[in-house]
Each structure stands twice: as structure tokens, then as C-alpha cells.
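S.K.: What follows is structure03.cif; its format and atoms are mmCIF, C-alpha atoms and all ligand atoms.
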data_my_file
loop_
_atom_site.label_atom_id
_atom_site.label_comp_id
_atom_site.auth_asym_id
_atom_site.auth_seq_id
_atom_site.Cartn_x
_atom_site.Cartn_y
_atom_site.Cartn_z
CA MET A 1 1.42 18.27 7.89
CA ASN A 2 3.71 16.22 5.61
CA ILE A 3 2.47 13.12 3.79
CA LEU A 4 4.43 10.69 1.63
CA ILE A 5 2.52 8.57 -0.89
CA ILE A 6 4.52 5.74 -2.42
CA GLY A 7 3.09 4.74 -5.80
CA GLY A 8 1.21 7.98 -6.38
CA SER A 9 1.06 7.04 -10.07
CA GLY A 10 -0.91 3.82 -9.53
CA GLY A 11 -4.65 3.46 -10.03
CA ILE A 12 -5.51 3.82 -6.34
CA GLY A 13 -2.36 5.77 -5.39
CA SER A 14 -3.20 8.61 -7.79
CA ALA A 15 -6.72 8.84 -6.34
CA VAL A 16 -5.22 9.00 -2.82
CA VAL A 17 -3.00 11.91 -3.91
CA GLU A 18 -5.97 13.79 -5.38
CA ARG A 19 -8.17 13.16 -2.33
CA LEU A 20 -5.44 14.29 0.06
CA LEU A 21 -4.97 17.52 -1.90
CA GLU A 22 -8.70 18.15 -1.56
CA GLU A 23 -9.29 17.00 2.02
CA LYS A 24 -6.08 18.23 3.67
CA PRO A 25 -5.56 21.80 2.50
CA GLY A 26 -2.73 22.34 5.00
CA ALA A 27 -0.72 19.31 3.93
CA THR A 28 2.40 19.13 1.78
CA LEU A 29 2.43 15.95 -0.30
CA TYR A 30 5.48 14.04 -1.45
CA ALA A 31 4.51 11.39 -3.98
CA THR A 32 6.49 8.83 -5.94
CA TYR A 33 6.17 7.17 -9.33
CA ARG A 34 8.35 4.46 -10.83
CA SER A 35 8.03 4.56 -14.62
CA LYS A 36 6.08 7.60 -15.84
CA ARG A 37 5.82 10.91 -14.02
CA PRO A 38 2.11 11.73 -13.61
CA ALA A 39 0.77 14.90 -15.21
CA LEU A 40 -0.88 16.10 -11.98
CA GLN A 41 0.74 19.27 -10.66
CA HIS A 42 -0.05 21.30 -7.56
CA ASP A 43 1.85 23.84 -5.49
CA ARG A 44 1.61 21.49 -2.46
CA LEU A 45 2.72 18.37 -4.37
CA ARG A 46 6.27 17.24 -5.16
CA TRP A 47 7.00 14.19 -7.31
CA PHE A 48 9.99 11.86 -6.87
CA GLN A 49 11.05 8.91 -9.00
CA LEU A 50 11.42 5.74 -6.89
CA ASP A 51 11.94 2.02 -7.34
CA ALA A 52 10.64 0.98 -3.92
CA SER A 53 12.18 -2.49 -4.24
CA ASP A 54 15.65 -0.99 -4.45
CA GLU A 55 17.19 -0.14 -1.08
CA ARG A 56 19.52 2.52 -2.45
CA SER A 57 16.63 4.31 -4.13
CA VAL A 58 14.60 4.24 -0.87
CA ALA A 59 17.58 5.49 1.17
CA GLN A 60 18.19 8.34 -1.32
CA LEU A 61 14.59 9.47 -1.00
CA ALA A 62 14.73 9.27 2.81
CA ALA A 63 17.83 11.49 2.76
CA VAL A 64 15.94 14.41 1.16
CA LEU A 65 12.53 14.26 2.84
CA PRO A 66 11.49 16.02 6.08
CA ALA A 67 9.63 14.61 9.11
CA LEU A 68 6.34 12.92 8.16
CA ASP A 69 2.89 12.65 9.69
CA MET A 70 1.83 9.91 7.32
CA LEU A 71 3.41 7.42 4.92
CA ILE A 72 1.06 5.53 2.59
CA ASN A 73 2.44 2.74 0.43
CA ALA A 74 0.01 2.11 -2.46
CA ILE A 75 2.18 0.04 -4.78
CA GLY A 76 1.57 -3.56 -5.67
CA PHE A 77 1.69 -6.25 -8.34
CA LEU A 78 -0.65 -9.07 -9.36
CA HIS A 79 -0.01 -10.00 -12.97
CA SER A 80 2.21 -9.20 -15.95
CA PRO A 81 1.65 -9.66 -19.70
CA GLU A 82 3.56 -12.96 -19.41
CA HIS A 83 2.02 -14.23 -16.19
CA LYS A 84 -1.45 -14.48 -14.74
CA PRO A 85 -1.87 -15.42 -11.04
CA GLU A 86 -1.69 -19.20 -10.56
CA LYS A 87 -4.87 -21.30 -10.55
CA SER A 88 -2.84 -24.33 -9.41
CA ILE A 89 0.52 -24.95 -7.73
CA THR A 90 1.54 -26.72 -10.97
CA GLU A 91 1.70 -23.23 -12.57
CA PHE A 92 4.11 -21.93 -9.90
CA ASP A 93 7.08 -20.04 -11.34
CA PRO A 94 9.96 -18.91 -9.09
CA ASP A 95 10.57 -15.70 -11.08
CA PHE A 96 6.91 -14.69 -10.88
CA PHE A 97 6.95 -15.44 -7.14
CA GLN A 98 10.01 -13.19 -6.74
CA GLN A 99 8.25 -10.42 -8.69
CA ASN A 100 5.34 -10.61 -6.24
CA ILE A 101 7.65 -10.47 -3.22
CA GLN A 102 9.63 -7.58 -4.74
CA ALA A 103 6.54 -5.45 -5.28
CA ASN A 104 4.17 -6.53 -2.51
CA THR A 105 6.43 -7.33 0.47
CA LEU A 106 9.89 -5.81 0.16
CA PRO A 107 8.94 -2.11 -0.28
CA SER A 108 7.15 -1.81 3.09
CA LEU A 109 10.14 -3.37 4.87
CA LEU A 110 12.57 -0.96 3.19
CA LEU A 111 10.27 1.99 3.84
CA ALA A 112 9.93 1.09 7.53
CA LYS A 113 13.71 0.71 7.82
CA HIS A 114 14.58 4.04 6.17
CA PHE A 115 11.62 6.18 7.25
CA SER A 116 11.16 5.20 10.92
CA ARG A 117 13.20 8.24 11.91
CA HIS A 118 10.98 10.49 9.77
CA LEU A 119 7.71 9.50 11.43
CA LYS A 120 6.91 12.15 14.01
CA ALA A 121 7.41 10.75 17.51
CA LYS A 122 5.49 13.29 19.58
CA SER A 123 2.19 13.39 17.66
CA THR A 124 0.12 10.64 16.03
CA SER A 125 1.68 9.37 12.82
CA TYR A 126 0.58 6.69 10.34
CA PHE A 127 2.47 3.99 8.42
CA VAL A 128 -0.05 2.46 6.02
CA SER A 129 0.43 -0.25 3.41
CA PHE A 130 -2.06 -1.48 0.87
CA SER A 131 -2.48 -5.19 1.40
CA ALA A 132 -5.39 -7.44 0.38
CA ARG A 133 -7.95 -9.65 2.09
CA ILE A 134 -6.50 -12.45 0.00
CA GLY A 135 -3.32 -12.22 2.12
CA SER A 136 -5.24 -13.20 5.25
CA ILE A 137 -4.41 -16.81 6.18
CA GLU A 138 -7.55 -17.02 8.34
CA ASP A 139 -9.76 -15.85 5.47
CA ASN A 140 -8.31 -18.23 2.84
CA ARG A 141 -11.12 -20.58 1.87
CA ILE A 142 -10.77 -20.95 -1.89
CA GLY A 143 -6.98 -21.12 -2.46
CA GLY A 144 -5.33 -20.10 -5.75
CA TRP A 145 -3.12 -17.10 -6.62
CA VAL A 146 -0.39 -18.54 -4.41
CA SER A 147 2.36 -16.00 -5.21
CA TYR A 148 0.16 -12.94 -4.63
CA ARG A 149 -1.42 -14.48 -1.52
CA ALA A 150 1.95 -15.45 -0.04
CA SER A 151 3.50 -12.04 -0.77
CA LYS A 152 0.58 -10.21 0.89
CA ALA A 153 0.60 -12.65 3.84
CA ALA A 154 4.33 -11.92 4.23
CA LEU A 155 3.55 -8.19 4.06
CA ASN A 156 0.92 -8.63 6.78
CA MET A 157 3.41 -10.42 9.02
CA ALA A 158 6.02 -7.73 8.37
CA LEU A 159 3.56 -4.98 9.34
CA LYS A 160 2.46 -6.80 12.50
CA THR A 161 6.10 -7.30 13.48
CA ILE A 162 6.99 -3.65 12.82
CA SER A 163 3.95 -2.50 14.80
CA ILE A 164 5.13 -4.49 17.85
CA GLU A 165 8.64 -3.04 17.66
CA TRP A 166 7.30 0.50 17.27
CA GLN A 167 4.96 0.18 20.28
CA ARG A 168 8.13 0.92 22.25
CA LYS A 169 10.16 2.98 19.77
CA LEU A 170 7.38 5.02 18.12
CA PRO A 171 4.43 4.67 20.49
CA ASN A 172 2.38 7.33 18.66
CA CYS A 173 2.63 5.59 15.30
CA CYS A 174 -0.31 3.64 13.90
CA VAL A 175 0.91 0.85 11.59
CA VAL A 176 -1.91 -0.65 9.55
CA ALA A 177 -2.59 -2.76 6.48
CA PHE A 178 -5.48 -1.71 4.24
CA HIS A 179 -7.65 -3.86 1.97
CA PRO A 180 -9.26 -1.67 -0.72
CA GLY A 181 -11.78 -4.19 -2.06
CA THR A 182 -11.92 -4.88 -5.78
CA THR A 183 -11.11 -1.55 -7.37
CA ASP A 184 -11.29 -0.58 -11.03
CA THR A 185 -7.58 -0.27 -11.91
CA GLY A 186 -5.13 -2.00 -14.25
CA LEU A 187 -4.33 -4.46 -11.47
CA SER A 188 -7.86 -5.91 -11.34
CA LYS A 189 -8.80 -5.37 -15.02
CA PRO A 190 -8.46 -9.01 -16.19
CA PHE A 191 -10.50 -10.28 -13.21
CA GLN A 192 -13.45 -7.91 -13.14
CA ARG A 193 -15.92 -10.10 -15.06
CA ASN A 194 -17.11 -12.10 -12.05
CA VAL A 195 -17.26 -9.23 -9.58
CA PRO A 196 -20.85 -8.90 -8.27
CA GLN A 197 -22.68 -5.72 -9.21
CA GLY A 198 -21.87 -2.83 -6.92
CA GLN A 199 -18.68 -4.52 -5.67
CA LEU A 200 -16.25 -2.98 -8.18
CA PHE A 201 -15.21 0.31 -6.63
CA THR A 202 -13.79 3.44 -8.17
CA ALA A 203 -10.31 4.41 -6.99
CA ASP A 204 -11.72 7.69 -5.67
CA TYR A 205 -14.27 5.86 -3.51
CA VAL A 206 -11.52 3.67 -2.04
CA ALA A 207 -9.32 6.71 -1.39
CA GLN A 208 -12.21 8.33 0.50
CA CYS A 209 -12.72 5.13 2.52
CA LEU A 210 -9.02 5.08 3.45
CA LEU A 211 -8.91 8.71 4.58
CA SER A 212 -12.14 8.34 6.52
CA LEU A 213 -10.76 5.20 8.24
CA LEU A 214 -7.47 6.88 9.13
CA SER A 215 -9.31 9.84 10.66
CA ARG A 216 -10.85 7.34 13.14
CA LEU A 217 -7.64 5.43 13.94
CA SER A 218 -4.97 6.17 16.53
CA ALA A 219 -1.81 4.41 17.71
CA GLN A 220 -4.06 2.11 19.80
CA ASP A 221 -5.23 0.53 16.53
CA SER A 222 -1.70 -0.27 15.38
CA GLY A 223 -0.93 -3.77 14.12
CA ARG A 224 -4.26 -4.49 12.44
CA LEU A 225 -5.63 -5.16 8.95
CA PHE A 226 -8.66 -3.09 7.92
CA SER A 227 -11.06 -3.32 5.01
CA TYR A 228 -12.33 -0.32 2.98
CA SER A 229 -15.59 -0.70 4.95
CA GLY A 230 -13.76 -0.02 8.21
CA GLU A 231 -14.25 -3.63 9.35
CA GLU A 232 -11.19 -5.41 10.79
CA ILE A 233 -9.99 -8.52 8.93
CA ASP A 234 -8.24 -11.36 10.79
CA TRP A 235 -4.59 -11.65 9.82
N1 LIG B 301 -7.22 -2.98 -7.52
C1 LIG B 301 -7.70 -3.93 -6.71
O1 LIG B 301 -8.77 -4.51 -6.99
C2 LIG B 301 -6.98 -4.30 -5.46
C3 LIG B 301 -7.55 -5.28 -4.60
C4 LIG B 301 -6.89 -5.62 -3.42
C5 LIG B 301 -5.67 -5.03 -3.12
N2 LIG B 301 -5.11 -4.10 -3.98
C6 LIG B 301 -3.83 -3.53 -3.62
O2 LIG B 301 -3.93 -2.11 -3.69
C7 LIG B 301 -2.65 -1.56 -4.05
C8 LIG B 301 -2.83 -0.59 -5.22
O3 LIG B 301 -3.26 -1.33 -6.35
P1 LIG B 301 -3.78 -0.65 -7.70
O4 LIG B 301 -5.03 -1.32 -8.04
O5 LIG B 301 -3.73 0.83 -7.59
O6 LIG B 301 -2.65 -1.16 -8.73
P2 LIG B 301 -2.01 -0.44 -10.02
O7 LIG B 301 -2.95 0.53 -10.62
O8 LIG B 301 -1.48 -1.55 -10.85
O9 LIG B 301 -0.80 0.38 -9.38
C9 LIG B 301 0.28 -0.30 -8.80
C10 LIG B 301 1.44 0.66 -8.78
O10 LIG B 301 2.55 0.01 -8.13
C11 LIG B 301 3.72 0.52 -8.73
N3 LIG B 301 4.85 -0.35 -8.45
C12 LIG B 301 4.93 -1.69 -8.54
N4 LIG B 301 6.14 -2.12 -8.15
C13 LIG B 301 6.83 -1.02 -7.79
C14 LIG B 301 8.13 -0.77 -7.28
N5 LIG B 301 9.00 -1.76 -7.06
N6 LIG B 301 8.52 0.50 -7.02
C15 LIG B 301 7.68 1.52 -7.23
N7 LIG B 301 6.42 1.37 -7.72
C16 LIG B 301 6.02 0.12 -8.00
C17 LIG B 301 3.40 0.62 -10.20
O11 LIG B 301 4.23 1.59 -10.77
P3 LIG B 301 4.57 1.61 -12.34
O12 LIG B 301 3.25 1.72 -13.03
O13 LIG B 301 5.39 2.83 -12.50
O14 LIG B 301 5.27 0.34 -12.61
C18 LIG B 301 1.93 1.07 -10.15
O15 LIG B 301 1.85 2.48 -10.22
C19 LIG B 301 -1.75 -2.75 -4.33
O16 LIG B 301 -0.97 -3.04 -3.19
C20 LIG B 301 -2.72 -3.89 -4.59
O17 LIG B 301 -2.15 -5.15 -4.30
C21 LIG B 301 -5.75 -3.73 -5.12
#
Would you mind giving the structure from this file in C-alpha cells?
M.R.:
Amino acid sequence: MNILIIGGSGGIGSAVVERLLEEKPGATLYATYRSKRPALQHDRLRWFQLDASDERSVAQLAAVLPALDMLINAIGFLHSPEHKPEKSITEFDPDFFQQNIQANTLPSLLLAKHFSRHLKAKSTSYFVSFSARIGSIEDNRIGGWVSYRASKAALNMALKTISIEWQRKLPNCCVVAFHPGTTDTGLSKPFQRNVPQGQLFTADYVAQCLLSLLSRLSAQDSGRLFSYSGEEIDW
């Protein structure tokens, strides 16, 4: 079994890599980082440097990787030292919006384009992207964080669209979006104060939830958004 983890250096991505090494002893893992190569080493793990918003970088990686059973995209962006997510549309900044689209939407489109031929056609395969409940239009009751919300909503639409195309072209592939819940990583750090007790998860817990969910999903579940709890969230 071959598994590619995009963003294996991130808070949740690194936990997914570690969990996969533990739970899938027969699997070879290919994992990417953007800025700093993680220290984790294993004889079944190979690291690659990747800017997943850059098409050439994605195409170069695709050219050297073998057929895959699973591709998990765990990268994402919410805030930078200069910019917090918007509380009001009056704070909207086009550059910050572009940064959100570049990190939260574009990578999954490029990965689907360049890795569709890698996903095994004859057995069940998985194309998984980390999204967020906040990207659900149906679930949006409190507003705010417009750039992050819009970039995750666009990701959700991209995944739904890809899943429909692949029903014909890759009928054994399960394309899903995954909401991890509020997880203790750098991404959520500035916003953890108001999280109710017991609702701030460790990255390892979320990684376990994802792997347990995927073990229950097949191509029939393609084109859906799932929460860490296994519950389906409306798009
Ligand atoms: N943590 C939460 O509470 C929470 C809640 C809901 C949804 N999510 C989603 O879960 C996913 C994982 O989040 P996390 O908490 O693990 O965040 P994180 O710790 O900040 O990790 C995000 C990773 O994305 C990488 N990245 C960003 N843009 C990239 C690009 N263009 N190319 C390659 N790598 C890029 C970063 O790499 P570098 O460090 O090298 O820049 C970083 O390793 C994200 O999609 C996030 O939106 C998280």
C-alpha cells in the first residue's frame, strides 16, 4: 500500500504520518513539507519538499511517485503574523484572501489534476482533503472569517465536482472532505480561549478519527464532507 500525505509537517499532518506508520505496517508513506524538513525518520517514510500551491512543484512530485492507494492533503492556512481572520467585511484584504485561496483551495485542485492517474483504478482508493465545518454554507449561522470560510467553501465545491467526474473515470475512488474539529495546533492557537472544555482535540486524536473513518468508507461515500466524529456535514 502506498500513501501520500501532503503537509506531513503540519500540526495534524505530522500526527497523521505517525498514526499511519503505526496502524498500517505494510504501507510505504510519501510525505511532504514546505519549509522545514521534519526530524521524523522511518524506513517506510520518504520526505519530499513541496509548495502545493505551485503547479510545477506538484507536477514534479507526481512524476516521481508510484501508484497510490491514498492521498491525504492536510495543509491549510488561517492567519499570519500580519493578519487575523476578519471579524467584519470592512477588514477584508485582497492579498489575505488570495493567501487563503492559495493554501486552502488551490492545492487540492492541483493534486487532483496531477495525481488522478496515480490513484489505483482497480481497488478502492481515497482522495482526502482537510476542510472545515466553517466552509459549509448550510452550517453558516454566525458569519465572520470570510476569507477562510470562502476558501474552504470553494474547496468543498471543488471536491464535490471532482467526485462527480471520478464516478465515471475512477469509480473506485472515494473523494471526501474532512473536518477535524478544533485541534491544538499553530493554526488554532490564537483562538483556543473560547473553546469549551473537552472540545480542543490533540492532533493524534484527530488522526485516529480520520483513519477510523476512512476504514469505514468506500467509493459509495464519495462526494461528502465528514466530521471527526464520523457524522456527515451538509455542504
Ligand atoms: N487546527 C484546527 O483547529 C483546524 C480546524 C478545522 C480545520 N482545520 C484544517 O486542518 C488542516 C490542518 O491544519 P493544522 O491545524 O494541522 O494546521 P498547521 O499546523 O498550521 O499546518 C498547516 C500546514 O500547511 C502547510 N502549508 C500551507 N500552505 C502550503 C502550501 N502552499 N504548500 C505546502 N504546504 C503548505 C504548512 O507548511 P509550512 O509550515 O511548511 O508552511 C503547515 O505545515 C488545515 O486544512 C486546516 O484548515 C484545522
S.K.: Fewer than 5 positions away in the same chain doesn't count, so skip those; otherwise give me all residues within 8 Å of Leu110 (chain A), counting all atoms listed in the file, as a list in words.
M.R.: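 Listed by chain and then number, they are Ala52, Ser53, Glu55 and Val58 of chain A.
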S.K.: Within 9 Å of Pro171 (chain A), counting only C-alpha atoms, which residues qualify if same-chain residues fewer than 3 places away don't, as a short mmCIF file (atom, residue, chain, number, x, y, z; two decimals) with C-alpha atoms, in the coordinates of the input?
M.R.:
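Final output, saved to part_13.cif:
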data_model
loop_
_atom_site.label_atom_id
_atom_site.label_comp_id
_atom_site.auth_asym_id
_atom_site.auth_seq_id
_atom_site.Cartn_x
_atom_site.Cartn_y
_atom_site.Cartn_z
CA ALA A 121 7.41 10.75 17.51
CA LYS A 122 5.49 13.29 19.58
CA THR A 124 0.12 10.64 16.03
CA TRP A 166 7.30 0.50 17.27
CA GLN A 167 4.96 0.18 20.28
CA ARG A 168 8.13 0.92 22.25
CA CYS A 174 -0.31 3.64 13.90
CA ALA A 219 -1.81 4.41 17.71
CA GLN A 220 -4.06 2.11 19.80
#
S.K.: Taking all atoms listed in the file into account, which of A:Asp221, A:Glu138, A:Asp93, A:Asp51 comes nearest ligand LIG 301 (chain B)?
M.R.: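 Nearest candidate to ligand LIG 301 (chain B) out of A:Asp221, A:Glu138, A:Asp93, A:Asp51: A:Asp51.
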S.K.: Pick out the closest residue to Asp69 (chain A) from this set: A:Ser147, A:Gln49, A:Ser227, A:Thr28. Count all atoms listed in the file.
M.R.: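 The shortest atom-to-atom distance to Asp69 (chain A) comes from A:Thr28.
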S.K.: Set the distance at 9 Å and use all atoms listed in the file: which residues neighbour region 7-19 of chain A once local chain neighbours fewer than 5 positions away are removed? I'd like the list as a short mmCIF file (atom, residue, chain, number, x, y, z; two decimals) with C-alpha atoms, in the coordinates of the input.
M.R.:
data_model
loop_
_atom_site.label_atom_id
_atom_site.label_comp_id
_atom_site.auth_asym_id
_atom_site.auth_seq_id
_atom_site.Cartn_x
_atom_site.Cartn_y
_atom_site.Cartn_z
CA LYS A 24 -6.08 18.23 3.67
CA LEU A 29 2.43 15.95 -0.30
CA TYR A 30 5.48 14.04 -1.45
CA ALA A 31 4.51 11.39 -3.98
CA THR A 32 6.49 8.83 -5.94
CA TYR A 33 6.17 7.17 -9.33
CA ARG A 34 8.35 4.46 -10.83
CA SER A 35 8.03 4.56 -14.62
CA LYS A 36 6.08 7.60 -15.84
CA ARG A 37 5.82 10.91 -14.02
CA PRO A 38 2.11 11.73 -13.61
CA LEU A 40 -0.88 16.10 -11.98
CA LEU A 45 2.72 18.37 -4.37
CA TRP A 47 7.00 14.19 -7.31
CA LEU A 50 11.42 5.74 -6.89
CA ALA A 52 10.64 0.98 -3.92
CA ILE A 72 1.06 5.53 2.59
CA ASN A 73 2.44 2.74 0.43
CA ALA A 74 0.01 2.11 -2.46
CA ILE A 75 2.18 0.04 -4.78
CA GLY A 76 1.57 -3.56 -5.67
CA PRO A 180 -9.26 -1.67 -0.72
CA THR A 183 -11.11 -1.55 -7.37
CA ASP A 184 -11.29 -0.58 -11.03
CA THR A 185 -7.58 -0.27 -11.91
CA GLY A 186 -5.13 -2.00 -14.25
CA LEU A 187 -4.33 -4.46 -11.47
CA THR A 202 -13.79 3.44 -8.17
CA ALA A 203 -10.31 4.41 -6.99
CA ASP A 204 -11.72 7.69 -5.67
CA TYR A 205 -14.27 5.86 -3.51
CA VAL A 206 -11.52 3.67 -2.04
CA ALA A 207 -9.32 6.71 -1.39
CA GLN A 208 -12.21 8.33 0.50
CA LEU A 210 -9.02 5.08 3.45
CA LEU A 211 -8.91 8.71 4.58
#
